[in-house]
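Asker: Sharing a structure here in structure tokens format.
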Amino acid sequence: MALTQNTVQGTLTPIGKRVIVKNMYFGEQKTKSGLIIRDDNGTSRGIYPRWGQVHSIGPDNEEQYKVNDWVLVAHGRWTRSVMLDEGAGEMELRMVDESDILAYSDEKPDDVYIGDEV
């Protein structure tokens, strides 16, 4: 895969209590029962909390979640994305503050299909 112009190579480590998340999806989603949740671009209904998977945790963060857990991030409390390539291909990452994490799960939330899994 060719690297894009805005891709960082190597590792990315958050500072303080910050958390870097991956697999945050912003498009249309579908619940197990078949209910379609439209793409939320923030223009008509606002921005809602989203699940993301923990990629890395800052050294001062003492919360119970760990790398690869899923965290629910408060509405709009994430940064714009940065592309990172650690050698296994590109991934899209966002930074969130520890105080903006509402809940966590050690398993992927199963009530919503995320991305292309629909």
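Letters A, B, ... mark the chains of the structure tokens in the order given; residue numbers begin at 1 per chain; ligand numbers begin at 1, in order shown.
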So which residues touch Leu72 (chain A) within 10 Å, counting only C-alpha atoms, skipping near sequence neighbours fewer than 3 positions away, as an MDAnalysis selection string?
Answerer: chainID A and resid 24 49:53 75 100:105 109
Asker: Residues near Met83 (chain A), anyone? I mean within 12 Å using only C-alpha atoms, not counting same-chain ones fewer than 6 positions away, as a ChimeraX atom specification.
Answerer: /A:3-12,20-23,89-95
Asker: Pick out the residues sitting within 8 Å of Val67 (chain A), and hand them over as a PyMOL selection string; count only C-alpha atoms, and ignore anything fewer than 5 positions along from it in its own chain.
Answerer: chain A and resi 53-57
Asker: Residues within 9 Å of Lys17 (chain A), please, as a ChimeraX atom specification. Count only C-alpha atoms; anything in the same chain fewer than 2 positions from it doesn't count.
Answerer: /A:14-15,19,57-62,97-99
Asker: What does the distance from CA of Thr13 (chain A) to CA of Val71 (chain A) come to in Å, to one decimal?
Answerer: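 Answer for the CA of Thr13 (chain A) to CA of Val71 (chain A) separation: 17.7 Å.
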